>>> print(open('data-v2.cif').read())   # mmCIF, C-alpha atoms
data_structure
loop_
_atom_site.label_atom_id
_atom_site.label_comp_id
_atom_site.auth_asym_id
_atom_site.auth_seq_id
_atom_site.Cartn_x
_atom_site.Cartn_y
_atom_site.Cartn_z
CA MET A 1 41.90 -51.66 -19.49
CA PRO A 2 42.75 -52.21 -23.19
CA SER A 3 45.90 -54.18 -23.97
CA GLU A 4 46.89 -51.62 -26.60
CA THR A 5 45.57 -48.46 -28.22
CA TRP A 6 45.52 -47.67 -31.92
CA LEU A 7 44.95 -44.31 -33.58
CA VAL A 8 43.28 -44.51 -36.99
CA VAL A 9 43.51 -41.19 -38.83
CA GLY A 10 41.33 -40.45 -41.84
CA LEU A 11 42.75 -37.70 -44.04
CA GLY A 12 40.52 -35.17 -45.76
CA ASN A 13 39.38 -31.58 -45.77
CA PRO A 14 36.73 -30.48 -43.27
CA GLY A 15 33.36 -29.25 -44.47
CA GLU A 16 30.41 -30.70 -46.35
CA ASN A 17 31.52 -29.25 -49.72
CA TYR A 18 34.63 -31.50 -49.66
CA ARG A 19 32.90 -34.62 -48.38
CA PHE A 20 32.74 -36.60 -51.62
CA THR A 21 35.92 -35.30 -53.27
CA ARG A 22 38.75 -37.63 -54.20
CA HIS A 23 40.97 -36.10 -51.51
CA ASN A 24 38.47 -37.06 -48.78
CA VAL A 25 38.43 -40.80 -49.36
CA GLY A 26 40.47 -41.26 -46.15
CA PHE A 27 37.70 -39.53 -44.18
CA ARG A 28 35.11 -41.75 -45.88
CA VAL A 29 36.87 -44.96 -44.85
CA VAL A 30 37.09 -43.92 -41.20
CA GLU A 31 33.48 -42.63 -41.33
CA ALA A 32 32.46 -46.12 -42.50
CA LEU A 33 34.03 -47.52 -39.29
CA VAL A 34 32.17 -44.90 -37.22
CA VAL A 35 28.89 -46.09 -38.74
CA MET A 36 29.68 -49.83 -38.55
CA ARG A 37 30.77 -49.62 -34.89
CA ASN A 38 28.25 -46.92 -33.87
CA VAL A 39 31.03 -44.71 -32.48
CA LYS A 40 30.05 -41.54 -30.64
CA LEU A 41 32.19 -38.63 -31.84
CA ARG A 42 33.23 -35.45 -30.10
CA GLU A 43 35.12 -32.36 -31.20
CA LYS A 44 38.06 -30.81 -29.41
CA ASP A 45 40.74 -28.41 -30.60
CA GLU A 46 41.35 -29.21 -34.27
CA ALA A 47 39.86 -32.70 -34.43
CA ILE A 48 36.77 -34.86 -34.29
CA PHE A 49 37.35 -38.24 -32.66
CA GLY A 50 35.81 -41.19 -30.86
CA SER A 51 36.77 -44.71 -29.81
CA TYR A 52 35.50 -48.27 -29.59
CA PRO A 53 36.79 -51.56 -28.16
CA LEU A 54 38.07 -54.27 -30.51
CA GLU A 55 39.02 -57.61 -28.97
CA GLY A 56 40.75 -56.09 -25.96
CA ARG A 57 42.18 -53.12 -27.85
CA GLU A 58 41.06 -49.51 -27.94
CA VAL A 59 40.61 -48.08 -31.44
CA LEU A 60 40.61 -44.27 -31.65
CA LEU A 61 39.07 -42.87 -34.83
CA PHE A 62 40.39 -39.43 -35.69
CA PHE A 63 39.47 -36.76 -38.25
CA PRO A 64 41.80 -33.73 -38.35
CA GLN A 65 39.79 -30.54 -38.79
CA THR A 66 42.75 -28.62 -40.17
CA PHE A 67 42.91 -28.61 -43.93
CA MET A 68 44.68 -31.57 -45.55
CA ASN A 69 48.09 -29.91 -45.89
CA GLU A 70 48.21 -29.20 -42.14
CA SER A 71 46.94 -32.58 -40.89
CA GLY A 72 50.01 -33.09 -38.71
CA LYS A 73 49.10 -30.04 -36.61
CA ALA A 74 46.08 -31.96 -35.28
CA VAL A 75 47.47 -35.51 -35.31
CA ALA A 76 50.80 -35.00 -33.51
CA PRO A 77 49.53 -33.33 -30.30
CA PHE A 78 46.79 -35.95 -29.95
CA ALA A 79 49.23 -38.84 -30.52
CA ARG A 80 51.66 -37.37 -27.97
CA TYR A 81 48.89 -36.76 -25.42
CA ARG A 82 47.86 -40.43 -25.77
CA ASN A 83 51.53 -41.48 -25.72
CA LEU A 84 51.19 -43.51 -28.92
CA PRO A 85 54.22 -44.90 -30.73
CA LEU A 86 54.38 -44.30 -34.49
CA GLU A 87 53.68 -47.96 -35.28
CA LYS A 88 50.24 -47.65 -33.59
CA ILE A 89 49.14 -44.72 -35.79
CA LEU A 90 47.43 -45.91 -38.98
CA VAL A 91 46.85 -43.12 -41.52
CA VAL A 92 44.24 -43.58 -44.26
CA SER A 93 44.68 -41.42 -47.36
CA ASP A 94 44.00 -41.05 -51.05
CA ASP A 95 46.74 -41.87 -53.58
CA LEU A 96 47.11 -40.39 -57.07
CA ASP A 97 49.53 -43.13 -58.14
CA LEU A 98 47.00 -45.94 -57.74
CA PRO A 99 44.06 -46.62 -60.06
CA VAL A 100 40.63 -45.76 -58.64
CA GLY A 101 39.64 -48.24 -55.95
CA LYS A 102 43.01 -49.98 -55.60
CA ILE A 103 44.12 -50.34 -51.98
CA ARG A 104 47.63 -50.64 -50.62
CA ILE A 105 48.86 -50.90 -47.05
CA LYS A 106 52.42 -50.36 -45.91
CA PRO A 107 53.94 -50.52 -42.43
CA SER A 108 55.91 -47.29 -43.06
CA GLY A 109 57.44 -45.18 -45.81
CA GLY A 110 57.62 -41.74 -47.36
CA SER A 111 54.77 -39.45 -48.31
CA GLY A 112 54.75 -40.15 -52.05
CA GLY A 113 54.23 -36.41 -52.52
CA HIS A 114 50.99 -36.41 -50.48
CA HIS A 115 50.93 -33.12 -48.56
CA GLY A 116 48.77 -34.49 -45.73
CA LEU A 117 51.31 -37.27 -45.15
CA ASP A 118 54.16 -34.73 -45.47
CA SER A 119 52.58 -32.72 -42.66
CA ILE A 120 52.12 -35.76 -40.41
CA ILE A 121 55.72 -36.90 -41.01
CA ALA A 122 57.01 -33.41 -40.19
CA HIS A 123 54.93 -33.04 -37.01
CA LEU A 124 55.46 -36.60 -35.73
CA GLY A 125 59.15 -36.47 -36.59
CA GLY A 126 59.28 -39.80 -38.41
CA VAL A 127 57.96 -42.03 -41.19
CA GLY A 128 57.45 -45.18 -39.08
CA PHE A 129 53.66 -45.14 -39.07
CA PRO A 130 51.57 -47.49 -41.21
CA ARG A 131 49.45 -46.10 -43.98
CA LEU A 132 46.51 -47.42 -45.95
CA ARG A 133 46.17 -45.77 -49.35
CA ILE A 134 43.16 -45.79 -51.67
CA GLY A 135 43.67 -45.07 -55.36
CA ILE A 136 42.01 -42.03 -56.88
CA SER A 137 43.93 -42.11 -60.23
CA LYS A 138 46.24 -39.55 -61.78
CA PRO A 139 44.97 -36.25 -63.18
CA PRO A 140 45.26 -35.76 -66.95
CA SER A 141 48.26 -33.46 -66.33
CA ALA A 142 50.37 -32.38 -63.34
CA GLU A 143 48.93 -28.87 -63.61
CA GLN A 144 45.47 -30.29 -62.95
CA GLY A 145 46.48 -32.06 -59.72
CA ARG A 146 44.73 -29.69 -57.31
CA GLU A 147 41.54 -29.54 -59.32
CA HIS A 148 41.58 -33.37 -59.71
CA VAL A 149 41.84 -34.14 -55.99
CA LEU A 150 39.09 -31.62 -55.16
CA ALA A 151 36.72 -33.08 -57.76
CA GLY A 152 34.24 -35.87 -57.19
CA PHE A 153 34.37 -39.33 -58.71
CA THR A 154 32.72 -40.00 -62.07
CA PRO A 155 29.58 -42.17 -62.21
CA GLU A 156 31.75 -45.03 -63.55
CA GLU A 157 34.23 -44.67 -60.68
CA LYS A 158 31.68 -44.41 -57.84
CA PRO A 159 30.93 -48.16 -57.51
CA LYS A 160 34.69 -48.93 -57.44
CA ILE A 161 35.36 -46.34 -54.75
CA ASP A 162 32.35 -47.40 -52.67
CA GLN A 163 33.60 -50.99 -52.72
CA ALA A 164 37.15 -49.85 -51.89
CA VAL A 165 35.87 -47.86 -48.90
CA GLU A 166 34.21 -51.01 -47.51
CA ARG A 167 37.27 -53.20 -48.13
CA ALA A 168 39.56 -50.59 -46.57
CA ARG A 169 37.22 -50.24 -43.55
CA ASP A 170 37.42 -53.98 -42.94
CA GLY A 171 41.16 -53.98 -43.65
CA ILE A 172 41.77 -51.54 -40.80
CA GLU A 173 40.46 -54.02 -38.25
CA THR A 174 42.37 -56.88 -39.88
CA PHE A 175 45.53 -54.78 -39.65
CA ILE A 176 45.00 -54.04 -35.95
CA LEU A 177 44.15 -57.66 -35.08
CA LYS A 178 46.44 -59.65 -37.39
CA GLY A 179 49.18 -57.30 -38.58
CA PRO A 180 50.41 -56.07 -41.94
CA GLU A 181 51.05 -59.35 -43.73
CA ALA A 182 47.55 -60.77 -43.24
CA THR A 183 46.06 -57.43 -44.21
CA MET A 184 48.20 -57.11 -47.31
CA ASN A 185 47.12 -60.60 -48.41
CA GLU A 186 43.49 -59.64 -47.86
CA ILE A 187 43.25 -56.13 -49.32
CA ASN A 188 46.23 -55.66 -51.64
CA ARG A 189 44.80 -58.22 -54.00
CA ASP A 190 43.04 -56.91 -57.06
CA ALA A 191 39.37 -56.24 -56.38
#
>>> encode(input="data-v2.cif", output="structure tokens")
Amino acid sequence: MPSETWLVVGLGNPGENYRFTRHNVGFRVVEALVVMRNVKLREKDEAIFGSYPLEGREVLLFFPQTFMNESGKAVAPFARYRNLPLEKILVVSDDLDLPVGKIRIKPSGGSGGHHGLDSIIAHLGGVGFPRLRIGISKPPSAEQGREHVLAGFTPEEKPKIDQAVERARDGIETFILKGPEATMNEINRDA
């Protein structure tokens, strides 16, 4: 029996046509854990998920299959069914306010205008869940926000984002095993 259970939620839009967009970097990070840990996934209701053991803990990897702005509709029922407190739900998302490839982790906080996080906050009824954010840079103008997040990365940005995905993947396990401070020291540094 695991000593504790963690839910790691990757945010993104379902479907192959969104796979490599900026908005789906949260999915990519959690997919990297699926590959590294050879996790078997299954689909139920509005989610794809699987789990693996990590030093006496159970790590649940979770991909909402709602669209980004309704992520909470999939996350909240699953978290309640598993009886998980907010502090054991780590949400991985993109962030427009960070340069491409920058990673930040926070134990809690607001949504920063991210609609996927807004939805999770609304459906979970609180902001007390940790979040790991990967920078995707700002669009040239506010009006171009939607088109920016649904676009892919440029050839110059791809190596930075690929490296960030790997660092974030490893940072998730550090966070679960050692807590926020050790993780912040490890992944909040400039790459």
>>> atom_distance(input="data-v2.cif", atom1="atom CA of Gly12 of chain A", atom2="atom CA of Leu177 of chain A")
25.2 Å
>>> closest_residue(input="data-v2.cif", among="A:Phe67, A:Phe27, A:Phe62, A:Trp6", to="Arg42 of chain A", atoms="only C-alpha atoms")
A:Phe62
>>> resolve_selection(input="data-v2.cif", expression="the PyMOL selection byres ((chain A and resi 92-95) around 8)", output="VMD selection string")
chain A and resid 8 to 12 22 to 27 29 to 30 90 to 91 96 to 98 114 131 to 137
>>> resolve_selection(input="data-v2.cif", expression="the PyMOL selection byres ((chain A and resi 118-126) around 7)", output="number ranges by chain")
A: 69-73, 75-76, 111, 114-117, 127-128
>>> atom_distance(input="data-v2.cif", atom1="atom CA of Gly113 of chain A", atom2="atom CA of Ile89 of chain A")
19.4 Å
>>> atom_distance(input="data-v2.cif", atom1="atom CA of Gly171 of chain A", atom2="atom CA of Glu43 of chain A")
25.7 Å
>>> residues_around(input="data-v2.cif", residues="Pro180 of chain A", least_positions_apart="3", cutoff="9 Å", atoms="all atoms listed in the file", output="number ranges by chain")
A: 105-107, 130, 174-176, 183-185
>>> residues_near_point(input="data-v2.cif", point="(30.4, -53.4, -41.2)", cutoff="9 Å", atoms="all atoms listed in the file", output="list of chain:residue names")
A:Ala32, A:Leu33, A:Val35, A:Met36, A:Arg37, A:Glu166, A:Arg169, A:Asp170
>>> write_last_selection(input="data-v2.cif", atoms="C-alpha atoms", output="PDB file, in the coordinates of the input")
ATOM      1  CA  ALA A  32      32.460 -46.120 -42.500  1.00  0.00           C
ATOM      2  CA  LEU A  33      34.030 -47.520 -39.290  1.00  0.00           C
ATOM      3  CA  VAL A  35      28.890 -46.090 -38.740  1.00  0.00           C
ATOM      4  CA  MET A  36      29.680 -49.830 -38.550  1.00  0.00           C
ATOM      5  CA  ARG A  37      30.770 -49.620 -34.890  1.00  0.00           C
ATOM      6  CA  GLU A 166      34.210 -51.010 -47.510  1.00  0.00           C
ATOM      7  CA  ARG A 169      37.220 -50.240 -43.550  1.00  0.00           C
ATOM      8  CA  ASP A 170      37.420 -53.980 -42.940  1.00  0.00           C
TER       9      ASP A 170
END
>>> resolve_selection(input="data-v2.cif", expression="the PyMOL selection byres ((chain A and resi 146) around 12)", output="MDAnalysis selection string")
chainID A and resid 21:23 68:69 96 114:115 138:145 147:151
>>> build_atoms(input="data-v2.cif", residues="segment 81-109 of chain A", atoms="N, CA and C atoms", output="PDB file, in the frame of the given file")
ATOM      1  N   TYR A  81      49.712 -36.773 -26.635  1.00  0.00           N
ATOM      2  CA  TYR A  81      48.890 -36.760 -25.420  1.00  0.00           C
ATOM      3  C   TYR A  81      48.510 -38.194 -25.026  1.00  0.00           C
ATOM      4  N   ARG A  82      48.211 -39.032 -26.038  1.00  0.00           N
ATOM      5  CA  ARG A  82      47.860 -40.430 -25.770  1.00  0.00           C
ATOM      6  C   ARG A  82      49.088 -41.336 -25.671  1.00  0.00           C
ATOM      7  N   ASN A  83      50.279 -40.740 -25.834  1.00  0.00           N
ATOM      8  CA  ASN A  83      51.530 -41.480 -25.720  1.00  0.00           C
ATOM      9  C   ASN A  83      51.602 -42.676 -26.670  1.00  0.00           C
ATOM     10  N   LEU A  84      51.241 -42.434 -27.922  1.00  0.00           N
ATOM     11  CA  LEU A  84      51.190 -43.510 -28.920  1.00  0.00           C
ATOM     12  C   LEU A  84      52.472 -43.568 -29.735  1.00  0.00           C
ATOM     13  N   PRO A  85      53.061 -44.762 -29.854  1.00  0.00           N
ATOM     14  CA  PRO A  85      54.220 -44.900 -30.730  1.00  0.00           C
ATOM     15  C   PRO A  85      53.788 -44.817 -32.198  1.00  0.00           C
ATOM     16  N   LEU A  86      54.704 -44.454 -33.068  1.00  0.00           N
ATOM     17  CA  LEU A  86      54.380 -44.300 -34.490  1.00  0.00           C
ATOM     18  C   LEU A  86      53.725 -45.548 -35.073  1.00  0.00           C
ATOM     19  N   GLU A  87      54.195 -46.731 -34.673  1.00  0.00           N
ATOM     20  CA  GLU A  87      53.680 -47.960 -35.280  1.00  0.00           C
ATOM     21  C   GLU A  87      52.227 -48.257 -34.901  1.00  0.00           C
ATOM     22  N   LYS A  88      51.654 -47.479 -33.982  1.00  0.00           N
ATOM     23  CA  LYS A  88      50.240 -47.650 -33.590  1.00  0.00           C
ATOM     24  C   LYS A  88      49.360 -46.529 -34.164  1.00  0.00           C
ATOM     25  N   ILE A  89      49.890 -45.792 -35.146  1.00  0.00           N
ATOM     26  CA  ILE A  89      49.140 -44.720 -35.790  1.00  0.00           C
ATOM     27  C   ILE A  89      48.945 -45.105 -37.260  1.00  0.00           C
ATOM     28  N   LEU A  90      47.740 -45.507 -37.610  1.00  0.00           N
ATOM     29  CA  LEU A  90      47.430 -45.910 -38.980  1.00  0.00           C
ATOM     30  C   LEU A  90      46.754 -44.747 -39.699  1.00  0.00           C
ATOM     31  N   VAL A  91      47.370 -44.282 -40.772  1.00  0.00           N
ATOM     32  CA  VAL A  91      46.850 -43.120 -41.520  1.00  0.00           C
ATOM     33  C   VAL A  91      46.221 -43.610 -42.825  1.00  0.00           C
ATOM     34  N   VAL A  92      44.992 -43.187 -43.064  1.00  0.00           N
ATOM     35  CA  VAL A  92      44.240 -43.580 -44.260  1.00  0.00           C
ATOM     36  C   VAL A  92      44.151 -42.382 -45.194  1.00  0.00           C
ATOM     37  N   SER A  93      44.643 -42.550 -46.426  1.00  0.00           N
ATOM     38  CA  SER A  93      44.680 -41.420 -47.360  1.00  0.00           C
ATOM     39  C   SER A  93      44.378 -41.843 -48.782  1.00  0.00           C
ATOM     40  N   ASP A  94      44.144 -40.835 -49.617  1.00  0.00           N
ATOM     41  CA  ASP A  94      44.000 -41.050 -51.050  1.00  0.00           C
ATOM     42  C   ASP A  94      45.400 -41.182 -51.668  1.00  0.00           C
ATOM     43  N   ASP A  95      45.465 -41.734 -52.887  1.00  0.00           N
ATOM     44  CA  ASP A  95      46.740 -41.870 -53.580  1.00  0.00           C
ATOM     45  C   ASP A  95      46.542 -41.698 -55.078  1.00  0.00           C
ATOM     46  N   LEU A  96      47.201 -40.677 -55.630  1.00  0.00           N
ATOM     47  CA  LEU A  96      47.110 -40.390 -57.070  1.00  0.00           C
ATOM     48  C   LEU A  96      47.788 -41.458 -57.923  1.00  0.00           C
ATOM     49  N   ASP A  97      48.753 -42.176 -57.349  1.00  0.00           N
ATOM     50  CA  ASP A  97      49.530 -43.130 -58.140  1.00  0.00           C
ATOM     51  C   ASP A  97      48.875 -44.495 -58.274  1.00  0.00           C
ATOM     52  N   LEU A  98      47.724 -44.670 -57.633  1.00  0.00           N
ATOM     53  CA  LEU A  98      47.000 -45.940 -57.740  1.00  0.00           C
ATOM     54  C   LEU A  98      45.726 -45.735 -58.548  1.00  0.00           C
ATOM     55  N   PRO A  99      45.334 -46.734 -59.342  1.00  0.00           N
ATOM     56  CA  PRO A  99      44.060 -46.620 -60.060  1.00  0.00           C
ATOM     57  C   PRO A  99      42.894 -46.509 -59.069  1.00  0.00           C
ATOM     58  N   VAL A 100      41.800 -45.943 -59.510  1.00  0.00           N
ATOM     59  CA  VAL A 100      40.630 -45.760 -58.640  1.00  0.00           C
ATOM     60  C   VAL A 100      40.211 -47.091 -58.012  1.00  0.00           C
ATOM     61  N   GLY A 101      40.117 -47.068 -56.685  1.00  0.00           N
ATOM     62  CA  GLY A 101      39.640 -48.240 -55.950  1.00  0.00           C
ATOM     63  C   GLY A 101      40.700 -49.232 -55.534  1.00  0.00           C
ATOM     64  N   LYS A 102      41.923 -49.092 -56.034  1.00  0.00           N
ATOM     65  CA  LYS A 102      43.010 -49.980 -55.600  1.00  0.00           C
ATOM     66  C   LYS A 102      43.399 -49.607 -54.174  1.00  0.00           C
ATOM     67  N   ILE A 103      43.736 -50.587 -53.369  1.00  0.00           N
ATOM     68  CA  ILE A 103      44.120 -50.340 -51.980  1.00  0.00           C
ATOM     69  C   ILE A 103      45.505 -50.913 -51.736  1.00  0.00           C
ATOM     70  N   ARG A 104      46.311 -50.160 -51.020  1.00  0.00           N
ATOM     71  CA  ARG A 104      47.630 -50.640 -50.620  1.00  0.00           C
ATOM     72  C   ARG A 104      47.839 -50.299 -49.152  1.00  0.00           C
ATOM     73  N   ILE A 105      48.525 -51.183 -48.449  1.00  0.00           N
ATOM     74  CA  ILE A 105      48.860 -50.900 -47.050  1.00  0.00           C
ATOM     75  C   ILE A 105      50.338 -51.150 -46.869  1.00  0.00           C
ATOM     76  N   LYS A 106      50.986 -50.234 -46.162  1.00  0.00           N
ATOM     77  CA  LYS A 106      52.420 -50.360 -45.910  1.00  0.00           C
ATOM     78  C   LYS A 106      52.682 -50.045 -44.447  1.00  0.00           C
ATOM     79  N   PRO A 107      53.641 -50.769 -43.835  1.00  0.00           N
ATOM     80  CA  PRO A 107      53.940 -50.520 -42.430  1.00  0.00           C
ATOM     81  C   PRO A 107      54.630 -49.179 -42.175  1.00  0.00           C
ATOM     82  N   SER A 108      55.255 -48.591 -43.202  1.00  0.00           N
ATOM     83  CA  SER A 108      55.910 -47.290 -43.060  1.00  0.00           C
ATOM     84  C   SER A 108      56.314 -46.823 -44.455  1.00  0.00           C
ATOM     85  N   GLY A 109      56.956 -45.655 -44.519  1.00  0.00           N
ATOM     86  CA  GLY A 109      57.440 -45.180 -45.810  1.00  0.00           C
ATOM     87  C   GLY A 109      57.314 -43.677 -45.933  1.00  0.00           C
TER      88      GLY A 109
END
